[in-house]
Every structure is written in C-alpha cells, then in structure tokens.
Amino acid sequence: MFKLAFKNFLSSSGVKIGIAFLIITGLVSLVVGNQFLAKQAENVEATAAYQKAHISKNVQYHPDELGLLLYYVKFSLVNQTEPINSLSIGQRDVNPSIQSVTIRGLEGQKYDADLQNPSNLLLGNIDFSFVLIYLFPLFIIAFTYNIISEERESGTWKIAAVQSSNLFGLILKLFTVRFLVVVFTLFLTLFLAVIFLKIPLNTRFWLFGGVSFLYILFWFALSFWVASMSKSSSYNAVTLLSAWILLIIVLPAMVNSYLVSAYPVPEAMETTVKQRNGYHEKWDMDKKATIDKFYNHYPQFKTFGYPKEDFNWLWYYAMQQMGDDEAASESKALREKLEMRNRASTRIASFIPSVHMQIQLNEIAGSGLSNQLRFMDETGRFHEQLRLQFYPAIFKESPASSQQWEKFEIENFSDNSMTSATSAALPLVVAILLFSVLGWVRFRTMVS
Amino acid sequence: MPPQLLIARNFRSNALKNRAVYLLILFIGILITYAVITSWSGFVKQNESTAHHQTETRHDWLDNPDKHPHRMAHYGNFAFRPKAPLSIFDSGMESFFGNTIFLEAHKQNSVNFSEAGFSTGMLRFGEISVAMVLQILLPLLLFFIGFTSIAAERENGTLKIILTQGISWKQLILGKIIGLAQIAMGVFVPVMLVTFVLWFFLQDGHITSDETVRLLLVFLSYGIYLLLFCVIAVLVSAASKTSKSALISLIGLWLMLTIVLPRASQALGSYLYPAPVKVTFLANIEKDVLKEGDSHNPDDIHYKALKDSLLTAYGVDSTSQLPFNYSGFVMAEGEKISARIYNSHFDNLLRVYDAQNSFLKATAFLDPFVAIKNLSMSLAGTDYRTYTDFQKQAEAYRYAMAQKMNELQIKYISNKKPGPDEKPVVIDQKHWEEVPEFKYVQPMVNTVFEHETTSFFALLFWIGLLYFMIEILSKELKVN
C-alpha cells in the first residue's frame, strides 16, 4: 500500500520538479556557504600576515619609543567561524568577525564597521537557513494543499471513501508519504553539507538538524489542519500561502520595527561623542588631575609617579583611558540595550516559528546577535589584557626590543556557549502538537 | 457605454462582493498604517538625534581653547547622517547604512552604528514600509482577485456567451484589466494621498522642487508597476484552463518575482565578483601610500626631494630656517597623497560593488519587481548611491578640515620647536570658526536618472511587452 502511495506521489512531474528545485537550491546554498567560509578564512589569513608585517615595520621605525610604537600597532582578535556557521550566516556578514585594536581608547575602535555591499545585505544570503525557512514550506504547501480536496473535486474521493475501511488512516498515509519525501530531501542536503563543508558531527550539528526536522514537521501539521477543514483546493492554497506570507514576510517585519522603536539605541552616538571628548579635552587640562584619575583606575601603576616632561606617554595613555572611562556608562547602557533587544526578540520569536527558526539556527551556528555581543565582550578583555601587559614597559620607557614581538600573533575567540535544546525545540513542538491535534479532531468528526 | 467599461464595472462589482477581498484590503490598510506610524517616528527620532548631535559637536568644536592646530585636526568632527524625507515611504537600505562617522586628520574612518549591526536575525526577513506593501503584497492581492477574471468565465461556460455577443477578445481582456486596475487604484490612490500629506508635514512646508519631482515620479512609477500586475493577472487567467491552475501559476510567478529571482541574481553577482575584505583593502591603500612617499621615513625619496626643492627655493640650508612651518607643509602633502589614494581605492571598491549589483539591475528586464525596487529606493534617497554620496561629502569635509588645520599650522606656528620649559605653541581659538559646519546636502533628482536608467527602461520595456502580449493573445486565445 505504502509503496503504491509513494509511486503515485512521485510519478507527478510537478513533484519531481519541486524536489529537484529544492535539492538544487540546497546545493546552491552550500556553494554560497563555502564561499562565505573561504572569505572568512582569507580574511583571517590576510590579517595574520598583515599583523606580522605591520608589527615588524613599526618596530623598525620606532625602536626607542614604545609609547609611540604602540600608538600605531594593531592587534587582532578573530571571532572563529565554525564550518556550521556557513549553514546559517546570520549576522556574520554585517558584523566584522575580526577586531583589530591598538591599545588606545577602545570605545573609539570597537564599533568600526566592516566593508560591505549593502545590496547583498538587503537581499540576503541564499544560505541553507534561507532554503529551509523560506523554500521548504512553499513546497510542503504545494505538495499538500490539494491532498483531499483535489480528489473530492474530481469525484474520486467518494470511491476511495467507500473502498477504504480506514479513511483517517488513508489521509495520514498521504501526508506521511509527502513528509518522508521532504524529510529525505532535508537530510540529503544536510548530509551533502557535512561532506562538502566538513561540518563536524557534534552536538551543534545534531541540534541544528533536529530543529530543522521539527520545522518541516510544523508546516506539515499546519497543512494537515488546513486540509481537515475540507475546503476547496484554491481555498487551501490561498490559506496556506497567506500563513506563509504572515509568518515569513509580515510578522517578522512588524516585530522588527517594533523592536527598533521599543529599544532604540541613542547610546551609540553618545558613546562615540563622549569618548572623543573624554580623551581630547584632557590635552587642555591639568596633567596631574588626569594622571590621578588614571591611578584611581589602576592603583598598581602609582609607583610611576608624575613624569616631568611636557609630553610623556604615561600622561598620553592616561588621557586615552579617560576617553573610555568617561564613556563607560553610555557604553554599558548600549550593551544592556542590545541584550534587552536580543532577549525580547527571542521571546517574541517563540510565538512565530519562522523567526524562531532563524534566531535559533543563528544561535546554534554562532552567528547571531548574542555571539556578536560575546565577541565584543571578549574584545574588551583582549584589549584590557594588552594594555596591562604593555603599560609598565611604556611607563618605564623601555625600548621596543624589550618585547618579544613574535609572540603577538592574532588571537582567536571561540564561542563555546550553547543554546539549550529545550528552548530551541519547545516552541516548535507546542505548535506542532497544537495543529496536529486540531486537525486530528476535525478529521475524526468528519470521517465518523 | 463601451463594452470594455461595462465588463470592467461588472468585474469590479463582482470582485467586491467577496467579503475576503474587503478583509484583505483592510489588512493591507492596517499594515500600511503601522508602517507609516513606525517609519514616521523613526524618521523624527533619528533626525532629531542627528541634528542634536551635529549642533552639540559643533559647539564642542568651537569651544576648544587656544591650541596647536594639529591637535584640532585630531580633535576632529563628526558627520551624522540624516534620513531623507521619502524614507518614510521606502526605507530601502537605510538599516544597513552607518549613521555616524568621526572625521579626523590622516584617517578615513568607517561610518558606524547601522541598525543592522544592532539587529537580531529578524531584520533579514525584510522591513515593513509603504513601499514594501505596494511592491510585494498589493500585487499578490491583485493576483488573488484577478486569477478568476477570465478562467472562471471559461469554466462556467459564460465565456462562449460573451464572445458570441459580439465582444472581441481584446475588449474582454481590456475590460477585465480596467476593472482590476480600478480596484488597484482604489487602494493605491488613498495610500499615495497619505504619503503626500506625511511628506508635506515632515518638511514643515519647505517643499523643494527636487523633492516634488521625486514624489511625482514615485506616484507615476508605482502606478505603472501596479498596472503591470493587473495585466499579468488577467493574461495568465485568460491563458489558463481552470481558475485553479491560473491561481497556482500566478502564485508561482509571484514567488519567483519577489523572492527567488532578486536573491538569486544578487547572489550570482556577489559570487562572480568577490569584493576585497577590509584588511586587504586597507593594507593596499597603506602600501600605495608608502610607495608614493613615507613621511615617517627620513630617507624617503619623495619627501627628500620636496625638502631639497624648498631649501633651494628659499636659499636656506635647513628646514628650521624656512619662513613657514615645515612639518605642517609635510603633513599637508601627506594628507593630499593619502586622500587621493584612498579615494581612488574607494572608487575601485564601488566599481566592484556595481559589478556585483549589475546582475540584479539587469534582472529588471525579467522582473518588474526589481525595476521598481531599485527605482523606488533611488527616488526615496535610501539607495546605496545616496549613501556613498554622504560618505563622499563627509570625506571632502574631512579633507578640507585637515588641510585648513595644516594651513593654519604652516602660517601661524613657528618653525622652531619650543624648548622643554617653554610654553607650547598655540593659535587663537577664533580660528576654529574658519572650518564651516558639516551640512549634508542630498543629491539632486537628476542623479536618479543617471544611475537608474536601466530601471526606467525596464519599466518601459514591460509596458511594451505586455501591450504586445495583449495584442497576440487577443488573436490566439481559444474559448476552451
């Protein structure tokens, strides 16, 4: 019986074309992912080479003045790109995955934007998450909108109803066949992704595959429920398409503009202006006052006292420090605002399966806003550590040769935090249960 | 009454009998209201904050005490990007653009703080704006209403009756198109009136002719765009055996035009023309600048030649004897070289981006959605051109500021370095006024014609193509 149902379903040329289209776009998404990984790798490689050359050139130019040398030298921190990242590129194309900073004020450096073509960003990547979230549901709709209605319209349903002793079983079977074919397509694409993009089969990957499976199941449950209302094929098609538009186009856009207006970030501009003024104004102020503030921040350096020269690097870096210190409250507020945005969007998303999927896939792949925030935090630690390491040598006026420059290679940040499987899966499971139970109840009353 | 108009009236009143159509129109109305309210408040907030910070930082600049001009060159200025008035209609790429750039000597900083950088993954689903509703949702509504237009008559058998009554295929098709277009205009015209009122009040009555031309072109091009979809709906319906197959074809077409084709062609463009990563871009600039002349290197040929020619011209044997500030002169030269090289690299980068976008642009001939999208952003001033124009104005301002400070240094700062116990050399703060305030000027509408010629021609092409299709189908179509 099942074999026949498969044969029937797959014999339609429309279905074959649909499956082929899904597989091809799936492959395209892997090529796009591969190009993304290659670009990230190229970026890291170029940065590593640049840092090396850049340090040795500056060491050669400024051998005696460590303070001046470190005015120029940039150190890079890389937000590591895991292969699974290429399946859900998320925010990684907007936000730079490499932060290059000097030991001067951090607030003036850490928000530096990446180079990018906004047309690419506006239209979005054809990554795997796009294929899964946008395209799979469309084909699920195309494969299921007329499951019963078509037969009813052509009059064959009555025959089937008379012949079959278990009509509900027949309906379930029709859905199951389509479900298996679509799930097979999904797993095939993921399997190819594992091979082609060398994705390690770790918890991240299984979670990624698991929620993708649930997302497919969600759309089948929705379609099952719509079919249970026994309306015409056109009605079903329009209803399901409207659901798709609502979930993929309208609701996300509305929620996004809500988030933007509910959590505006005026702190961004304020941080930059404060940082600039906090540092620059010190040039025209009493040196001792600035150095005292610096010693309040770092009491361990008090032993360096108050240099007498008109210009000295201790004072200079103390001024730089004041830029960060005076912008600290705005910077912290900005960080908190973004955290609030992130939390609010995750919470709202749990009611909108499409958005929930995008956010969870980004989380799992390490390409979402939370990854970006953690990377920014790590940049702060990285920068602080560099400062603490260099300050004593600068204040002692050690020569450049006092440092082991070859040690300063680019550093990596690998984001090990994991989303919980429950929070990723639960909203989908609830939605699936809701629609399948609703559909099941309706079908039962209809059949009996 | 000519038969086309009778058919149109009939079609319209039939379509409007359907309660679902009203529901959908109501839904679209609610969406537009929501879009208008959020973009209005976003516009007001951003422009207030931009203006506030621009004025505040101007005061900061002027309030600086007497100091060395080069300190001022590093104190620098900010440019904050205001939103264009029509961004309330089409937010375009706004969210992906930075809003703040710090302008200082020697260094071209990036424009930071784009909305996208602060976004969760949600922004990628697209944004809601009046333009988005008109570009994506309204055509679908027209398809939902129009799919039965002729196919249903065929199914019911009424088609035969109509055609035997002496009405030609062409009259029938035109009639249905007119009927559908009347419904489209019933939504479109009120939306445009609302846009007009908002646009008027946002500019506090200071309406420029440039902005007016932009708005009129928006009206015209969206009017054409929606008409195209009316024609497509009726023609597909006329060519389909059943209404169901007309519906499925139209839905498939809509998905291709609005979701698949634009993404695919942009992806192809960016795949074929990879853009440089930032570190390489900056390293190449640095390399070229050093090649031309390295002011930090005492043995550099370029600066040595410069020095020697100055010494000969003034008949002195060391730079400290020159009648002007030598290091200011060297910095002015360095700024000139690095700015020129940066600009040429930046232009090259823009050329790569143009190449990436060229596929999408050309897709306008396959897809009227792409034509209207590009055209609309450009008219609204929310496209990449307008943004690079902001970047270029900011860079020009930065350059003028840095050179002004170098000029002050050359003129007023003594060539002799002060000793360790002497007072540092400064100039009077009255000079800070000599640098004007940064004011962004939106480019004129004629730049839209330059950059969006393809989109204009694509719309014209579509008008021609569909006219041609009406002619052909009127002759070729069969009753069954």
# chains A, B, ... in the order shown; residues from 1 in each chain; ligands from 1

call {"tool": "closest_atom_pairs", "arguments": {"of": "chain A", "to": "chain B", "cutoff": "7 Å", "atoms": "only C-alpha atoms", "output": "tab-separated table"}}
result
residue	atom	partner	partner_atom	distance
A:Asn43	CA	B:Val277	CA	6.1
A:Ala46	CA	B:Thr280	CA	6.6
A:Thr47	CA	B:Val279	CA	6.2
A:Gly90	CA	B:Gly121	CA	6.0
A:Gln91	CA	B:Gly121	CA	6.5
A:Val94	CA	B:Gly117	CA	6.1
A:Asn95	CA	B:Gly117	CA	5.9
A:Tyr111	CA	B:Asn112	CA	6.4
A:Asp112	CA	B:Asn112	CA	5.9
A:Ala113	CA	B:Asn112	CA	5.4
A:Asp114	CA	B:Lys278	CA	6.5
A:Leu115	CA	B:Lys278	CA	5.6
A:Asn117	CA	B:Tyr353	CA	6.0
A:Pro118	CA	B:Phe96	CA	6.1
A:Asn120	CA	B:Gln266	CA	6.5
A:Leu122	CA	B:Met93	CA	6.3
A:Leu123	CA	B:Arg263	CA	5.6
A:Gly124	CA	B:Arg124	CA	6.5
A:Asn125	CA	B:Ala267	CA	6.9
A:Ile126	CA	B:Ala267	CA	6.9
A:Ser234	CA	B:Lys244	CA	5.9
A:Ile248	CA	B:Phe125	CA	6.7
A:Ile249	CA	B:Phe125	CA	6.2
A:Pro252	CA	B:Phe125	CA	6.1
A:Ala253	CA	B:Glu127	CA	4.6
A:Met254	CA	B:Ile128	CA	6.3
A:Asn256	CA	B:Met122	CA	6.0
A:Ser257	CA	B:Thr38	CA	6.7
A:Ser261	CA	B:Gly42	CA	7.0
A:Ala268	CA	B:Phe113	CA	6.7
A:Met269	CA	B:Thr100	CA	6.9
A:His280	CA	B:Tyr75	CA	6.1
A:Asp310	CA	B:Pro420	CA	6.4
A:Leu338	CA	B:Phe118	CA	6.8
A:Asn342	CA	B:Thr120	CA	6.2
A:Val355	CA	B:Met122	CA	6.6
A:Gln358	CA	B:Gly121	CA	6.5
A:Ile359	CA	B:Gly121	CA	5.7
A:Gly368	CA	B:Gly121	CA	6.4
A:Leu369	CA	B:Thr120	CA	5.2

call {"tool": "write_last_selection", "arguments": {"atoms": "N, CA and C atoms", "output": "compact mmCIF listing (two decimals), in the first residue's frame"}}
result
# COMPACT_ATOMS: atom_id res chain seq x y z
N ASN A 43 40.20 36.26 5.08
CA ASN A 43 40.27 37.41 5.96
C ASN A 43 41.24 37.17 7.12
N ALA A 46 44.84 36.98 5.76
CA ALA A 46 45.36 38.30 5.42
C ALA A 46 45.66 39.10 6.69
N THR A 47 44.80 38.96 7.69
CA THR A 47 45.02 39.71 8.93
C THR A 47 46.27 39.23 9.64
N GLY A 90 23.63 34.32 9.20
CA GLY A 90 23.11 35.23 10.22
C GLY A 90 23.68 36.63 10.14
N GLN A 91 24.19 37.11 11.27
CA GLN A 91 24.70 38.48 11.35
C GLN A 91 26.18 38.56 11.00
N VAL A 94 27.17 41.10 8.44
CA VAL A 94 27.05 42.52 8.80
C VAL A 94 28.18 42.91 9.73
N ASN A 95 28.35 42.11 10.78
CA ASN A 95 29.34 42.45 11.80
C ASN A 95 30.68 41.82 11.48
N TYR A 111 33.53 49.70 17.54
CA TYR A 111 32.31 49.65 16.72
C TYR A 111 32.59 49.82 15.24
N ASP A 112 33.89 49.81 14.86
CA ASP A 112 34.21 50.05 13.46
C ASP A 112 33.52 49.04 12.54
N ALA A 113 32.83 49.59 11.54
CA ALA A 113 32.04 48.75 10.65
C ALA A 113 32.93 48.04 9.64
N ASP A 114 32.42 46.94 9.13
CA ASP A 114 33.12 46.18 8.10
C ASP A 114 32.82 46.81 6.74
N LEU A 115 33.59 46.39 5.73
CA LEU A 115 33.28 46.84 4.37
C LEU A 115 32.24 45.91 3.81
N ASN A 117 28.82 45.45 0.74
CA ASN A 117 27.91 45.96 -0.28
C ASN A 117 26.49 45.81 0.28
N PRO A 118 25.83 46.92 0.61
CA PRO A 118 24.52 46.80 1.26
C PRO A 118 23.47 46.10 0.41
N ASN A 120 23.88 43.35 -1.10
CA ASN A 120 23.96 41.94 -0.70
C ASN A 120 23.24 41.73 0.62
N LEU A 122 20.85 43.61 1.94
CA LEU A 122 19.41 43.88 1.83
C LEU A 122 18.68 42.66 1.29
N LEU A 123 19.22 42.05 0.24
CA LEU A 123 18.51 40.93 -0.35
C LEU A 123 18.76 39.65 0.42
N GLY A 124 19.85 39.61 1.14
CA GLY A 124 20.10 38.45 2.00
C GLY A 124 20.82 37.33 1.28
N ASN A 125 21.42 36.47 2.09
CA ASN A 125 22.18 35.35 1.55
C ASN A 125 21.25 34.22 1.15
N ILE A 126 21.68 33.47 0.14
CA ILE A 126 20.99 32.21 -0.10
C ILE A 126 21.77 31.17 0.68
N SER A 234 -8.36 25.64 -4.05
CA SER A 234 -7.97 27.04 -4.16
C SER A 234 -7.99 27.69 -2.79
N ILE A 248 6.46 34.62 7.22
CA ILE A 248 7.79 34.87 6.65
C ILE A 248 7.99 36.34 6.30
N ILE A 249 6.91 37.02 5.93
CA ILE A 249 7.11 38.40 5.48
C ILE A 249 6.53 39.41 6.46
N PRO A 252 7.49 38.99 10.86
CA PRO A 252 8.88 39.35 11.20
C PRO A 252 9.15 40.84 11.00
N ALA A 253 8.61 41.38 9.88
CA ALA A 253 8.86 42.80 9.61
C ALA A 253 8.20 43.67 10.67
N MET A 254 6.99 43.27 11.11
CA MET A 254 6.31 44.07 12.13
C MET A 254 7.05 44.00 13.46
N ASN A 256 10.16 43.33 13.91
CA ASN A 256 11.43 44.03 13.81
C ASN A 256 11.24 45.53 14.03
N SER A 257 10.21 46.10 13.39
CA SER A 257 10.07 47.55 13.57
C SER A 257 9.60 47.87 14.98
N SER A 261 11.73 50.37 17.48
CA SER A 261 11.21 51.56 18.16
C SER A 261 11.08 51.36 19.67
N ALA A 268 24.50 54.76 21.20
CA ALA A 268 25.60 54.52 20.27
C ALA A 268 26.31 55.84 19.95
N MET A 269 25.55 56.84 19.48
CA MET A 269 26.16 58.12 19.13
C MET A 269 26.76 58.77 20.38
N HIS A 280 40.03 63.94 24.35
CA HIS A 280 40.66 65.13 23.78
C HIS A 280 40.72 66.32 24.72
N ASP A 310 57.17 67.76 29.35
CA ASP A 310 55.95 68.41 28.88
C ASP A 310 55.01 67.40 28.24
N LEU A 338 21.21 46.32 23.94
CA LEU A 338 21.28 45.28 22.92
C LEU A 338 20.90 43.93 23.51
N ASN A 342 17.87 41.59 22.31
CA ASN A 342 18.09 40.19 21.99
C ASN A 342 17.11 39.30 22.74
N VAL A 355 10.53 32.90 12.53
CA VAL A 355 11.53 33.76 13.16
C VAL A 355 12.29 32.98 14.23
N GLN A 358 14.98 31.06 12.53
CA GLN A 358 16.13 31.85 12.11
C GLN A 358 17.01 32.19 13.31
N ILE A 359 16.37 32.61 14.39
CA ILE A 359 17.15 33.01 15.56
C ILE A 359 17.85 31.81 16.18
N GLY A 368 24.56 34.76 15.59
CA GLY A 368 23.50 35.69 15.97
C GLY A 368 24.03 36.88 16.75
N LEU A 369 23.10 37.68 17.24
CA LEU A 369 23.48 38.86 18.00
C LEU A 369 24.18 38.48 19.30

call {"tool": "closest_residue", "arguments": {"among": "A:Phe175, A:Phe205, A:Tyr50, A:Phe294", "to": "Trp225 (chain A)", "atoms": "only C-alpha atoms"}}
result
A:Phe175

call {"tool": "select_by_dssp", "arguments": {"residues": "region 162-325 of chain A", "states": "helix (DSSP H, G or I)", "output": "NGL selection string"}}
result
:A and (162-163 or 167-197 or 203-228 or 233-262 or 267-284 or 287-297 or 299-304 or 313-325)

call {"tool": "residues_around", "arguments": {"residues": "Thr258 (chain B)", "least_positions_apart": "5", "cutoff": "9 Å", "atoms": "only C-alpha atoms", "output": "PyMOL selection string"}}
result
chain B and resi 135-136+253+263+367+369-370

call {"tool": "write_last_selection", "arguments": {"atoms": "C-alpha atoms", "output": "JSON list (two decimals), in the first residue's frame"}}
result
[["chain", "number", "residue", "atom", "x", "y", "z"],
["B", 135, "GLN", "CA", 5.75, 46.25, -4.12],
["B", 136, "ILE", "CA", 5.06, 42.83, -2.63],
["B", 253, "LEU", "CA", 5.09, 33.69, -10.61],
["B", 263, "ARG", "CA", 18.04, 36.98, -4.28],
["B", 367, "ASP", "CA", 11.26, 41.05, -13.19],
["B", 369, "PHE", "CA", 9.68, 43.99, -9.02],
["B", 370, "VAL", "CA", 13.43, 44.56, -9.29]]

call {"tool": "atom_distance", "arguments": {"atom1": "CA of Lys287 (chain B)", "atom2": "CA of Glu42 (chain A)"}}
result
18.7 Å

call {"tool": "decode", "arguments": {"residues": "region 140-174 of chain A", "atoms": "N, CA and C atoms", "output": "PDB file, in the first residue's frame"}}
result
ATOM      1  N   ILE A 140       6.172  22.278   0.684  1.00  0.00           N
ATOM      2  CA  ILE A 140       5.264  21.489   1.519  1.00  0.00           C
ATOM      3  C   ILE A 140       3.823  21.911   1.192  1.00  0.00           C
ATOM      4  N   ILE A 141       3.622  23.233   1.062  1.00  0.00           N
ATOM      5  CA  ILE A 141       2.280  23.714   0.699  1.00  0.00           C
ATOM      6  C   ILE A 141       1.878  23.168  -0.668  1.00  0.00           C
ATOM      7  N   ALA A 142       2.801  23.263  -1.629  1.00  0.00           N
ATOM      8  CA  ALA A 142       2.484  22.807  -2.983  1.00  0.00           C
ATOM      9  C   ALA A 142       2.165  21.314  -3.013  1.00  0.00           C
ATOM     10  N   PHE A 143       2.855  20.531  -2.170  1.00  0.00           N
ATOM     11  CA  PHE A 143       2.644  19.076  -2.191  1.00  0.00           C
ATOM     12  C   PHE A 143       1.389  18.650  -1.435  1.00  0.00           C
ATOM     13  N   THR A 144       0.891  19.499  -0.543  1.00  0.00           N
ATOM     14  CA  THR A 144      -0.188  19.027   0.320  1.00  0.00           C
ATOM     15  C   THR A 144      -1.499  19.801   0.203  1.00  0.00           C
ATOM     16  N   TYR A 145      -1.511  20.963  -0.460  1.00  0.00           N
ATOM     17  CA  TYR A 145      -2.730  21.789  -0.393  1.00  0.00           C
ATOM     18  C   TYR A 145      -3.959  21.102  -0.973  1.00  0.00           C
ATOM     19  N   ASN A 146      -3.717  20.148  -1.901  1.00  0.00           N
ATOM     20  CA  ASN A 146      -4.893  19.536  -2.552  1.00  0.00           C
ATOM     21  C   ASN A 146      -5.047  18.050  -2.227  1.00  0.00           C
ATOM     22  N   ILE A 147      -4.418  17.618  -1.132  1.00  0.00           N
ATOM     23  CA  ILE A 147      -4.400  16.175  -0.838  1.00  0.00           C
ATOM     24  C   ILE A 147      -5.789  15.542  -0.918  1.00  0.00           C
ATOM     25  N   ILE A 148      -6.758  16.118  -0.230  1.00  0.00           N
ATOM     26  CA  ILE A 148      -8.088  15.516  -0.255  1.00  0.00           C
ATOM     27  C   ILE A 148      -9.012  16.303  -1.169  1.00  0.00           C
ATOM     28  N   SER A 149      -8.825  17.635  -1.124  1.00  0.00           N
ATOM     29  CA  SER A 149      -9.740  18.496  -1.874  1.00  0.00           C
ATOM     30  C   SER A 149      -9.733  18.156  -3.362  1.00  0.00           C
ATOM     31  N   GLU A 150      -8.567  17.841  -3.903  1.00  0.00           N
ATOM     32  CA  GLU A 150      -8.476  17.545  -5.329  1.00  0.00           C
ATOM     33  C   GLU A 150      -9.317  16.314  -5.678  1.00  0.00           C
ATOM     34  N   GLU A 151      -9.183  15.293  -4.833  1.00  0.00           N
ATOM     35  CA  GLU A 151      -9.925  14.055  -5.110  1.00  0.00           C
ATOM     36  C   GLU A 151     -11.420  14.292  -4.935  1.00  0.00           C
ATOM     37  N   ARG A 152     -11.715  15.182  -3.951  1.00  0.00           N
ATOM     38  CA  ARG A 152     -13.122  15.476  -3.753  1.00  0.00           C
ATOM     39  C   ARG A 152     -13.666  16.221  -4.970  1.00  0.00           C
ATOM     40  N   GLU A 153     -12.836  17.140  -5.502  1.00  0.00           N
ATOM     41  CA  GLU A 153     -13.276  17.921  -6.647  1.00  0.00           C
ATOM     42  C   GLU A 153     -13.435  17.060  -7.894  1.00  0.00           C
ATOM     43  N   SER A 154     -12.570  16.054  -8.046  1.00  0.00           N
ATOM     44  CA  SER A 154     -12.682  15.220  -9.239  1.00  0.00           C
ATOM     45  C   SER A 154     -13.625  14.033  -9.015  1.00  0.00           C
ATOM     46  N   GLY A 155     -14.138  13.906  -7.806  1.00  0.00           N
ATOM     47  CA  GLY A 155     -15.115  12.863  -7.524  1.00  0.00           C
ATOM     48  C   GLY A 155     -14.517  11.523  -7.123  1.00  0.00           C
ATOM     49  N   THR A 156     -13.178  11.408  -7.118  1.00  0.00           N
ATOM     50  CA  THR A 156     -12.573  10.114  -6.781  1.00  0.00           C
ATOM     51  C   THR A 156     -12.573   9.864  -5.280  1.00  0.00           C
ATOM     52  N   TRP A 157     -12.792  10.920  -4.504  1.00  0.00           N
ATOM     53  CA  TRP A 157     -12.724  10.762  -3.050  1.00  0.00           C
ATOM     54  C   TRP A 157     -13.821   9.828  -2.558  1.00  0.00           C
ATOM     55  N   LYS A 158     -15.007   9.946  -3.171  1.00  0.00           N
ATOM     56  CA  LYS A 158     -16.141   9.093  -2.769  1.00  0.00           C
ATOM     57  C   LYS A 158     -15.779   7.624  -2.953  1.00  0.00           C
ATOM     58  N   ILE A 159     -15.138   7.344  -4.059  1.00  0.00           N
ATOM     59  CA  ILE A 159     -14.756   5.957  -4.335  1.00  0.00           C
ATOM     60  C   ILE A 159     -13.785   5.476  -3.274  1.00  0.00           C
ATOM     61  N   ALA A 160     -12.783   6.338  -3.018  1.00  0.00           N
ATOM     62  CA  ALA A 160     -11.787   5.977  -2.009  1.00  0.00           C
ATOM     63  C   ALA A 160     -12.462   5.784  -0.664  1.00  0.00           C
ATOM     64  N   ALA A 161     -13.415   6.660  -0.362  1.00  0.00           N
ATOM     65  CA  ALA A 161     -14.094   6.592   0.920  1.00  0.00           C
ATOM     66  C   ALA A 161     -14.875   5.291   1.050  1.00  0.00           C
ATOM     67  N   VAL A 162     -15.454   4.871  -0.044  1.00  0.00           N
ATOM     68  CA  VAL A 162     -16.224   3.625   0.015  1.00  0.00           C
ATOM     69  C   VAL A 162     -15.297   2.432   0.151  1.00  0.00           C
ATOM     70  N   GLN A 163     -14.174   2.482  -0.607  1.00  0.00           N
ATOM     71  CA  GLN A 163     -13.279   1.318  -0.645  1.00  0.00           C
ATOM     72  C   GLN A 163     -12.462   1.155   0.628  1.00  0.00           C
ATOM     73  N   SER A 164     -12.119   2.289   1.235  1.00  0.00           N
ATOM     74  CA  SER A 164     -11.216   2.176   2.378  1.00  0.00           C
ATOM     75  C   SER A 164     -11.995   1.994   3.669  1.00  0.00           C
ATOM     76  N   SER A 165     -11.524   1.044   4.455  1.00  0.00           N
ATOM     77  CA  SER A 165     -12.196   0.825   5.730  1.00  0.00           C
ATOM     78  C   SER A 165     -11.698   1.840   6.755  1.00  0.00           C
ATOM     79  N   ASN A 166     -10.469   2.319   6.527  1.00  0.00           N
ATOM     80  CA  ASN A 166      -9.873   3.235   7.486  1.00  0.00           C
ATOM     81  C   ASN A 166      -9.525   4.539   6.767  1.00  0.00           C
ATOM     82  N   LEU A 167     -10.506   5.415   6.684  1.00  0.00           N
ATOM     83  CA  LEU A 167     -10.323   6.625   5.898  1.00  0.00           C
ATOM     84  C   LEU A 167      -9.279   7.556   6.512  1.00  0.00           C
ATOM     85  N   PHE A 168      -9.311   7.648   7.837  1.00  0.00           N
ATOM     86  CA  PHE A 168      -8.337   8.504   8.528  1.00  0.00           C
ATOM     87  C   PHE A 168      -6.921   7.996   8.296  1.00  0.00           C
ATOM     88  N   GLY A 169      -6.810   6.647   8.307  1.00  0.00           N
ATOM     89  CA  GLY A 169      -5.504   6.033   8.032  1.00  0.00           C
ATOM     90  C   GLY A 169      -5.025   6.408   6.641  1.00  0.00           C
ATOM     91  N   LEU A 170      -5.939   6.465   5.703  1.00  0.00           N
ATOM     92  CA  LEU A 170      -5.585   6.817   4.328  1.00  0.00           C
ATOM     93  C   LEU A 170      -5.060   8.257   4.259  1.00  0.00           C
ATOM     94  N   ILE A 171      -5.778   9.131   4.957  1.00  0.00           N
ATOM     95  CA  ILE A 171      -5.349  10.540   4.980  1.00  0.00           C
ATOM     96  C   ILE A 171      -3.948  10.653   5.572  1.00  0.00           C
ATOM     97  N   LEU A 172      -3.776   9.975   6.703  1.00  0.00           N
ATOM     98  CA  LEU A 172      -2.463  10.007   7.372  1.00  0.00           C
ATOM     99  C   LEU A 172      -1.373   9.504   6.447  1.00  0.00           C
ATOM    100  N   LYS A 173      -1.720   8.432   5.704  1.00  0.00           N
ATOM    101  CA  LYS A 173      -0.724   7.839   4.825  1.00  0.00           C
ATOM    102  C   LYS A 173      -0.305   8.821   3.734  1.00  0.00           C
ATOM    103  N   LEU A 174      -1.303   9.531   3.170  1.00  0.00           N
ATOM    104  CA  LEU A 174      -0.983  10.508   2.123  1.00  0.00           C
ATOM    105  C   LEU A 174      -0.032  11.574   2.657  1.00  0.00           C
TER     106      LEU A 174
END
